[in-house]
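For reference, the structure is listed below as structure tokens.
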Amino acid sequence: MQVIRRQNWLKSKKAWAVFPVLVAMFVLSQLLTVNEARAATTIRVNSGGPAQTVGGVQWSGCDAPSSCGGWVTGGAPWAENPSAISGVVSPDSQTIEKTEWTWGRQNGVPFGGTAFSYNFPLAAGSYDVTLHFTELNKTASGQRVFDVNINGATKLSYFDIFQQAGGANKTITRTFRVSPVNGKIAIDFIARTENAKVSAIEVVSADGSLPTTTNAPVTTTTQAPPAGNSLTWSNAVNSPHYAVEAAGNAFEGKLYTFGGYLPGSWVPTSSAYVYDVGAGKWSSLPATPRSITHSTTAIDGRSLVLAGGYTANGSGQTFAINNVWRFDVDSQQWSNLPSLPQPRGSGGMVKVGRTLHFLGGVDANRVEKSDHWTLNLDNVAAGWQPATAFPYPRTHFATLNIGNSIYTVGGLVGIDDKSTQLSGVYRFDTISNTWSPMKALPSARSHISDSSFVRNGKIYVMGGEYAYGKSAREVFVYDAATNSWSLSTPLPWARFSGVASLINGTVYFATGDLNSNAVWKGTFS
């Protein structure tokens, strides 16, 4: 009887009048379903823990293979309960960082084998993948080391959470911009030493914007940047390599980078690249004459000059050399300039008029020196000459020129975990040949040699380290006219020993992170 009524209804005029509407509603519902699926481009996973809501932001639970949305293969949850975890930035939470998804060598996974994997089906586009890490139970560097591959490409090589974060119970994040391959983003955790792990994962549609999470907080009191000092950061073209401690400078619309350390090895490299910001393209350059890190640069005519630095040797690296080279940007040829009187690494160099000034740095035993040498570029045959000593021996500082004055900013003394970061600022008057202390940095800062520059009579100091192994995001601004410091907009996330320069009024920041090759550009407002 029901069947007959349905058939009779379909034969009626009223039924045929309503039928197109029903079809349209069905099609619309399917389109909405598809659009909803495409719009679901934000995934947040509490790896090893239950679903959470933090400040209105929802995290999916992943405390068992069956509760991970079908995303995870291999591994198992783990939890610890430390009293407190530092460095947690919303929408992350202490609760989320106290759990993890883990597996690896302790469970029989061979060295270099896949400990576990996350696979996220996603529509085409660009996504920022942010991995959260907190070391919950290791007590020293080297106890847990692993790799992370995304879509088959190594993003973290021999990653050591304890070493990178500076201890246990300290949260750090690493963010990578990637696109799906074959409709998914695959994240593989590769076993090296002990077990691989991850505390949380965010996959957020990029939409041309920068990641919203950072791997370091701003370490000084927040204040609004003065008018004209505010920066809006966006992405430029990624550099060809991941590097720190590279030397670099800008010339005629191009950013040059030389040498540096690459991931997985603290051995200097000789790679060199140039970024044409107008063309949006990176190109390889002839390699530096020796592998190099901790060098310092200046511009002379149509050449970039590199002086001193560290170089590789058969057993590792030599911490000071006396080489000085000139790179001609037109012929792309290297040539020699007179060598420094003694080997130096991580010193500072700047050109005032037709004179190069080289300051400070360390000798081959990594002992800080106070030497100040000058080279007359119109009489290079005379070689480097002694000048008024730099009375504040240090390394990893910024050296800049405003008018007839040389400014040295920050730096450090000591070696690695026994080092002390410095906030002192000193001015050398090239007319009177005298040194004077100036207003100190708001916060001690080192590893800023090539990430500092001058704009409109002001010195901009970007990133660096505020303690050993602790990268910074702040952008400090020194006004030479008023001898005062202020803050500009922080970097998108922390970097140290990067290369930052002003090109056609826009800041470009490259290198400075072994886990990211992203390049940023900052527009002033």
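By order in the structure tokens, chains are A, B, ...; within a chain, residues start at 1; ligands start at 1, following the order shown.
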
Determine which residues of range 251-302 of chain A receive a DSSP assignment of strand (DSSP E or B), computed from the backbone, and state them as a PyMOL selection string. chain A and resi 251+254-258+261-262+265-269+272-276+281-284+292-293+296-300

Would you kindly return, as number ranges by chain, each protein, DNA or RNA residue with an atom no farther than 8 Å from any atom of Tyr275 in chain A, considering only C-alpha atoms and excluding same-chain residues fewer than 6 positions away? A: 239, 254-256, 281-283

Export of prior selection with all heavy atoms as a short mmCIF file (atom, residue, chain, number, x, y, z; two decimals), in the first residue's frame:
```cif
data_model
loop_
_atom_site.label_atom_id
_atom_site.label_comp_id
_atom_site.auth_asym_id
_atom_site.auth_seq_id
_atom_site.Cartn_x
_atom_site.Cartn_y
_atom_site.Cartn_z
N SER A 239 65.38 29.74 0.83
CA SER A 239 66.76 29.64 0.39
C SER A 239 67.09 28.19 0.01
O SER A 239 66.39 27.27 0.42
CB SER A 239 67.72 30.12 1.49
OG SER A 239 67.65 29.27 2.62
N LYS A 254 70.23 42.49 -4.30
CA LYS A 254 70.49 41.07 -4.14
C LYS A 254 71.06 40.79 -2.76
O LYS A 254 71.84 41.59 -2.22
CB LYS A 254 71.45 40.57 -5.21
CG LYS A 254 70.89 40.69 -6.63
CD LYS A 254 71.88 40.21 -7.67
CE LYS A 254 71.32 40.35 -9.08
NZ LYS A 254 72.29 39.90 -10.10
N LEU A 255 70.71 39.64 -2.20
CA LEU A 255 71.21 39.21 -0.90
C LEU A 255 72.19 38.06 -1.12
O LEU A 255 71.85 37.06 -1.75
CB LEU A 255 70.05 38.74 -0.02
CG LEU A 255 70.41 38.35 1.42
CD1 LEU A 255 70.85 39.57 2.21
CD2 LEU A 255 69.22 37.69 2.10
N TYR A 256 73.40 38.22 -0.58
CA TYR A 256 74.46 37.22 -0.74
C TYR A 256 74.68 36.50 0.57
O TYR A 256 74.72 37.12 1.65
CB TYR A 256 75.77 37.90 -1.17
CG TYR A 256 75.73 38.50 -2.56
CD1 TYR A 256 75.12 39.73 -2.79
CD2 TYR A 256 76.30 37.84 -3.65
CE1 TYR A 256 75.08 40.29 -4.06
CE2 TYR A 256 76.27 38.39 -4.92
CZ TYR A 256 75.65 39.61 -5.12
OH TYR A 256 75.62 40.15 -6.39
N LYS A 281 64.40 34.83 -7.11
CA LYS A 281 65.13 33.62 -7.50
C LYS A 281 66.47 33.54 -6.77
O LYS A 281 67.20 34.53 -6.68
CB LYS A 281 65.37 33.63 -9.01
CG LYS A 281 66.15 32.43 -9.52
CD LYS A 281 66.40 32.55 -11.01
CE LYS A 281 67.22 31.38 -11.54
NZ LYS A 281 67.49 31.52 -12.99
N TRP A 282 66.79 32.35 -6.26
CA TRP A 282 68.09 32.06 -5.69
C TRP A 282 68.98 31.40 -6.76
O TRP A 282 68.50 30.60 -7.56
CB TRP A 282 67.98 31.10 -4.52
CG TRP A 282 67.49 31.73 -3.25
CD1 TRP A 282 66.20 31.84 -2.84
CD2 TRP A 282 68.30 32.31 -2.22
NE1 TRP A 282 66.14 32.46 -1.62
CE2 TRP A 282 67.42 32.76 -1.21
CE3 TRP A 282 69.67 32.49 -2.05
CZ2 TRP A 282 67.86 33.38 -0.05
CZ3 TRP A 282 70.12 33.10 -0.89
CH2 TRP A 282 69.23 33.55 0.08
N SER A 283 70.28 31.72 -6.74
CA SER A 283 71.24 31.11 -7.66
C SER A 283 72.51 30.76 -6.90
O SER A 283 72.87 31.42 -5.92
CB SER A 283 71.59 32.06 -8.81
OG SER A 283 70.44 32.47 -9.52
#
```

Among range 58-222 of chain A, which residues does DSSP mark as helix (DSSP H, G or I) when it is run on the backbone? Keep the chain and numbering as in the structure and answer as an MDAnalysis selection string. chainID A and resid 65:67 94:97 105:107 161:165

For the contact check between range 257-373 of chain A and range 394-411 of chain A, emit one row per residue of range 257-373 of chain A within 7 Å, containing the shortest atom pair and the distance in Å rounded to one decimal, counting only C-alpha atoms, chain then rising number order, as CSV.
```
residue,atom,partner,partner_atom,distance
A:Ser346,CA,A:His396,CA,5.5
A:Gly347,CA,A:Thr395,CA,5.7
A:Gly348,CA,A:Thr399,CA,5.5
A:Met349,CA,A:Thr399,CA,6.3
A:Val350,CA,A:Leu400,CA,6.2
A:Val352,CA,A:Asn401,CA,6.7
A:Gly360,CA,A:Arg394,CA,6.0
A:Gly361,CA,A:Thr395,CA,4.7
A:Val362,CA,A:Thr395,CA,6.7
A:Glu368,CA,A:Arg394,CA,5.4
A:Lys369,CA,A:Arg394,CA,6.9
```

I'd like the neighbourhood of range 414-430 of chain A as a list in words, where a residue qualifies if any of its atoms comes within 7 Å (using only C-alpha atoms), though same-chain residues fewer than 6 positions away should be ignored.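 Here the qualifying residues turn out to be Asn404, Ser405, Ile406, Tyr407, Thr408, Ser436, Pro437, Met438, Lys439, Ala440, Leu441, Ser443, Ala444, Arg445, Ser446, Tyr466, Ala467 and Tyr468 of chain A.
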
Let me see the file: selected residues, all heavy atoms, as a compact mmCIF listing (two decimals), in the first residue's frame.
```txt
# COMPACT_ATOMS: atom_id res chain seq x y z
N ASN A 404 80.92 59.12 10.80
CA ASN A 404 82.33 58.86 11.09
C ASN A 404 82.51 57.94 12.29
O ASN A 404 83.62 57.81 12.81
CB ASN A 404 83.07 60.18 11.35
CG ASN A 404 83.17 61.04 10.11
OD1 ASN A 404 83.48 60.55 9.03
ND2 ASN A 404 82.89 62.34 10.26
N SER A 405 81.44 57.31 12.72
CA SER A 405 81.49 56.48 13.92
C SER A 405 81.27 55.01 13.61
O SER A 405 80.53 54.65 12.69
CB SER A 405 80.43 56.93 14.93
OG SER A 405 80.68 58.25 15.39
N ILE A 406 81.93 54.16 14.40
CA ILE A 406 81.74 52.72 14.36
C ILE A 406 81.05 52.31 15.66
O ILE A 406 81.47 52.70 16.75
CB ILE A 406 83.07 51.97 14.24
CG1 ILE A 406 83.77 52.33 12.93
CG2 ILE A 406 82.87 50.46 14.34
CD1 ILE A 406 85.18 51.79 12.83
N TYR A 407 79.98 51.53 15.53
CA TYR A 407 79.26 51.04 16.70
C TYR A 407 79.43 49.52 16.80
O TYR A 407 79.27 48.81 15.80
CB TYR A 407 77.77 51.37 16.61
CG TYR A 407 77.46 52.84 16.77
CD1 TYR A 407 77.56 53.71 15.68
CD2 TYR A 407 77.08 53.36 18.00
CE1 TYR A 407 77.28 55.06 15.81
CE2 TYR A 407 76.80 54.71 18.15
CZ TYR A 407 76.90 55.56 17.05
OH TYR A 407 76.63 56.90 17.20
N THR A 408 79.78 49.05 17.99
CA THR A 408 79.79 47.61 18.26
C THR A 408 78.66 47.32 19.23
O THR A 408 78.46 48.05 20.22
CB THR A 408 81.13 47.14 18.84
OG1 THR A 408 81.33 47.73 20.13
CG2 THR A 408 82.28 47.52 17.92
N SER A 436 83.90 55.15 23.27
CA SER A 436 82.99 55.64 24.30
C SER A 436 81.87 54.63 24.51
O SER A 436 81.35 54.08 23.53
CB SER A 436 82.37 56.98 23.90
OG SER A 436 83.36 57.94 23.64
N PRO A 437 81.48 54.37 25.76
CA PRO A 437 80.32 53.50 26.00
C PRO A 437 79.03 54.23 25.65
O PRO A 437 78.90 55.44 25.89
CB PRO A 437 80.41 53.18 27.49
CG PRO A 437 81.15 54.35 28.07
CD PRO A 437 82.11 54.82 27.02
N MET A 438 78.07 53.52 25.10
CA MET A 438 76.78 54.09 24.76
C MET A 438 75.68 53.34 25.51
O MET A 438 75.97 52.47 26.33
CB MET A 438 76.55 54.02 23.24
CG MET A 438 77.70 54.59 22.40
SD MET A 438 78.15 56.29 22.82
CE MET A 438 76.74 57.17 22.17
N LYS A 439 74.44 53.67 25.25
CA LYS A 439 73.32 53.03 25.91
C LYS A 439 73.32 51.53 25.59
O LYS A 439 73.35 51.13 24.43
CB LYS A 439 72.00 53.65 25.45
CG LYS A 439 70.75 53.05 26.07
CD LYS A 439 70.59 53.44 27.53
CE LYS A 439 69.24 53.00 28.07
NZ LYS A 439 69.06 53.38 29.49
N ALA A 440 73.28 50.70 26.63
CA ALA A 440 73.34 49.25 26.43
C ALA A 440 72.04 48.72 25.83
O ALA A 440 70.97 49.34 25.93
CB ALA A 440 73.61 48.56 27.76
N LEU A 441 72.13 47.56 25.19
CA LEU A 441 70.96 46.85 24.70
C LEU A 441 69.96 46.60 25.82
O LEU A 441 70.36 46.41 26.98
CB LEU A 441 71.37 45.50 24.12
CG LEU A 441 71.89 45.43 22.69
CD1 LEU A 441 72.70 44.14 22.51
CD2 LEU A 441 70.74 45.46 21.70
N SER A 443 68.47 43.94 26.32
CA SER A 443 68.71 42.57 26.75
C SER A 443 70.00 42.09 26.11
O SER A 443 70.28 42.42 24.94
CB SER A 443 67.55 41.67 26.32
OG SER A 443 67.79 40.31 26.64
N ALA A 444 70.80 41.33 26.86
CA ALA A 444 72.06 40.81 26.30
C ALA A 444 71.78 40.02 25.03
O ALA A 444 70.80 39.28 24.95
CB ALA A 444 72.76 39.94 27.33
N ARG A 445 72.68 40.16 24.04
CA ARG A 445 72.44 39.51 22.76
C ARG A 445 73.75 39.23 22.05
O ARG A 445 74.63 40.10 21.98
CB ARG A 445 71.55 40.41 21.90
CG ARG A 445 70.85 39.76 20.72
CD ARG A 445 69.96 38.60 21.12
NE ARG A 445 69.26 38.75 22.37
CZ ARG A 445 68.02 39.19 22.50
NH1 ARG A 445 67.34 39.55 21.44
NH2 ARG A 445 67.46 39.26 23.68
N SER A 446 73.89 38.02 21.52
CA SER A 446 75.05 37.65 20.71
C SER A 446 74.56 37.01 19.41
O SER A 446 73.35 36.93 19.16
CB SER A 446 75.94 36.65 21.46
OG SER A 446 75.27 35.41 21.62
N TYR A 466 70.07 35.07 23.36
CA TYR A 466 70.07 35.78 24.64
C TYR A 466 70.72 34.95 25.74
O TYR A 466 70.96 35.44 26.84
CB TYR A 466 68.66 36.20 25.04
CG TYR A 466 67.67 35.09 25.21
CD1 TYR A 466 67.48 34.48 26.44
CD2 TYR A 466 66.90 34.65 24.13
CE1 TYR A 466 66.55 33.46 26.60
CE2 TYR A 466 65.97 33.63 24.29
CZ TYR A 466 65.79 33.04 25.52
OH TYR A 466 64.88 32.03 25.67
N ALA A 467 71.01 33.67 25.45
CA ALA A 467 71.77 32.77 26.32
C ALA A 467 72.27 31.64 25.43
O ALA A 467 71.81 31.48 24.29
CB ALA A 467 70.89 32.23 27.45
N TYR A 468 73.19 30.86 25.93
CA TYR A 468 73.73 29.78 25.10
C TYR A 468 72.63 28.84 24.64
O TYR A 468 71.86 28.31 25.44
CB TYR A 468 74.78 28.99 25.88
CG TYR A 468 75.28 27.78 25.14
CD1 TYR A 468 76.02 27.91 23.97
CD2 TYR A 468 74.98 26.49 25.58
CE1 TYR A 468 76.46 26.79 23.27
CE2 TYR A 468 75.43 25.37 24.91
CZ TYR A 468 76.16 25.53 23.74
OH TYR A 468 76.59 24.44 23.05
```

Selection: 7 Å around Glu474 in chain A, only C-alpha atoms, excl. self and same-chain fewer than 6 positions, as a list in words: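 So the residues in contact are Val218, Met462, Gly463, Pro490 and Leu491 of chain A.
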
So which residues touch Trp334 in chain A within 12 Å, counting only C-alpha atoms, skipping near sequence neighbours fewer than 2 positions away, as a list in words?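 Near Trp334 in chain A, the qualifying residues are Ala272, Leu285, Pro286, Ala287, Thr288, Pro289, Arg290, Ser303, Leu304, Val305, Leu306, Val324, Trp325, Arg326, Phe327, Asp328, Val329, Asp330, Ser331, Gln332, Asn336 and Leu337 of chain A.
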
Straight-line distance linking CA of Gly167 in chain A with CA of Tyr261 in chain A, stated in Å to one decimal: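 Answer for the CA of Gly167 in chain A to CA of Tyr261 in chain A separation: 22.6 Å.
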
Which distance in Å separates CA of Pro50 in chain A and CA of Thr173 in chain A, to one decimal? 20.2 Å

Would you pick out the contacts of Gly104 in chain A at 7 Å or less, using only C-alpha atoms, so that residues sharing its chain but fewer than 3 positions from it are not included, and give the list as a compact mmCIF listing (two decimals) with all heavy atoms, in the first residue's frame?
```txt
# COMPACT_ATOMS: atom_id res chain seq x y z
N ASN A 107 61.96 -0.20 21.17
CA ASN A 107 60.91 -1.15 20.80
C ASN A 107 61.32 -2.03 19.63
O ASN A 107 60.49 -2.68 19.01
CB ASN A 107 59.63 -0.39 20.45
CG ASN A 107 59.24 0.61 21.51
OD1 ASN A 107 59.40 1.82 21.31
ND2 ASN A 107 58.78 0.13 22.65
N GLY A 108 62.62 -2.04 19.32
CA GLY A 108 63.13 -2.92 18.29
C GLY A 108 63.19 -2.32 16.90
O GLY A 108 63.53 -3.02 15.93
N VAL A 109 62.89 -1.03 16.74
CA VAL A 109 62.99 -0.39 15.43
C VAL A 109 64.48 -0.21 15.10
O VAL A 109 65.23 0.33 15.92
CB VAL A 109 62.28 0.97 15.41
CG1 VAL A 109 62.48 1.67 14.05
CG2 VAL A 109 60.80 0.80 15.72
N ALA A 115 59.91 4.86 12.96
CA ALA A 115 59.34 4.54 14.28
C ALA A 115 57.82 4.62 14.24
O ALA A 115 57.13 3.74 14.76
CB ALA A 115 59.91 5.50 15.33
N ALA A 191 63.99 6.57 13.57
CA ALA A 191 64.74 6.20 14.77
C ALA A 191 66.24 6.40 14.58
O ALA A 191 66.80 5.98 13.56
CB ALA A 191 64.45 4.75 15.13
N GLU A 194 67.60 5.88 20.90
CA GLU A 194 66.44 5.69 21.76
C GLU A 194 65.17 5.84 20.93
O GLU A 194 65.12 5.33 19.80
CB GLU A 194 66.49 6.65 22.96
CG GLU A 194 66.04 6.01 24.26
CD GLU A 194 64.63 6.43 24.67
OE1 GLU A 194 63.96 7.17 23.94
OE2 GLU A 194 64.21 5.98 25.74
N ASN A 195 64.15 6.53 21.42
CA ASN A 195 62.87 6.60 20.72
C ASN A 195 62.59 7.99 20.16
O ASN A 195 62.90 9.00 20.81
CB ASN A 195 61.73 6.21 21.66
CG ASN A 195 61.70 4.72 21.93
OD1 ASN A 195 62.43 3.95 21.30
ND2 ASN A 195 60.87 4.30 22.87
N ALA A 196 61.94 8.03 19.01
CA ALA A 196 61.42 9.29 18.49
C ALA A 196 60.14 9.65 19.24
O ALA A 196 59.51 8.80 19.87
CB ALA A 196 61.14 9.16 17.00
```

Which residues are close to Phe116 in chain A, i.e. within 6 Å by only C-alpha atoms, leaving aside same-chain residues fewer than 3 positions away? Reply as a ChimeraX atom specification. /A:73-75,189

Same residues, N, CA and C atoms, output as an mmCIF file, in the first residue's frame:
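Below is the file that was written, again27.cif:
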```cif
data_model
loop_
_atom_site.group_PDB
_atom_site.id
_atom_site.type_symbol
_atom_site.label_atom_id
_atom_site.label_comp_id
_atom_site.auth_asym_id
_atom_site.auth_seq_id
_atom_site.Cartn_x
_atom_site.Cartn_y
_atom_site.Cartn_z
ATOM 1 N N THR A 73 50.259 5.576 12.190
ATOM 2 C CA THR A 73 50.649 4.182 11.986
ATOM 3 C C THR A 73 51.876 3.900 12.841
ATOM 4 N N GLY A 74 51.795 2.902 13.702
ATOM 5 C CA GLY A 74 52.910 2.582 14.583
ATOM 6 C C GLY A 74 52.947 3.480 15.798
ATOM 7 N N GLY A 75 53.733 3.059 16.784
ATOM 8 C CA GLY A 75 53.905 3.883 17.970
ATOM 9 C C GLY A 75 52.842 3.668 19.022
ATOM 10 N N PHE A 189 58.668 9.683 11.462
ATOM 11 C CA PHE A 189 59.631 9.868 12.543
ATOM 12 C C PHE A 189 60.624 8.713 12.470
#
```

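Take CA of Ser90 in chain A and CA of Tyr127 in chain A: the distance between them is 19.3 Å.
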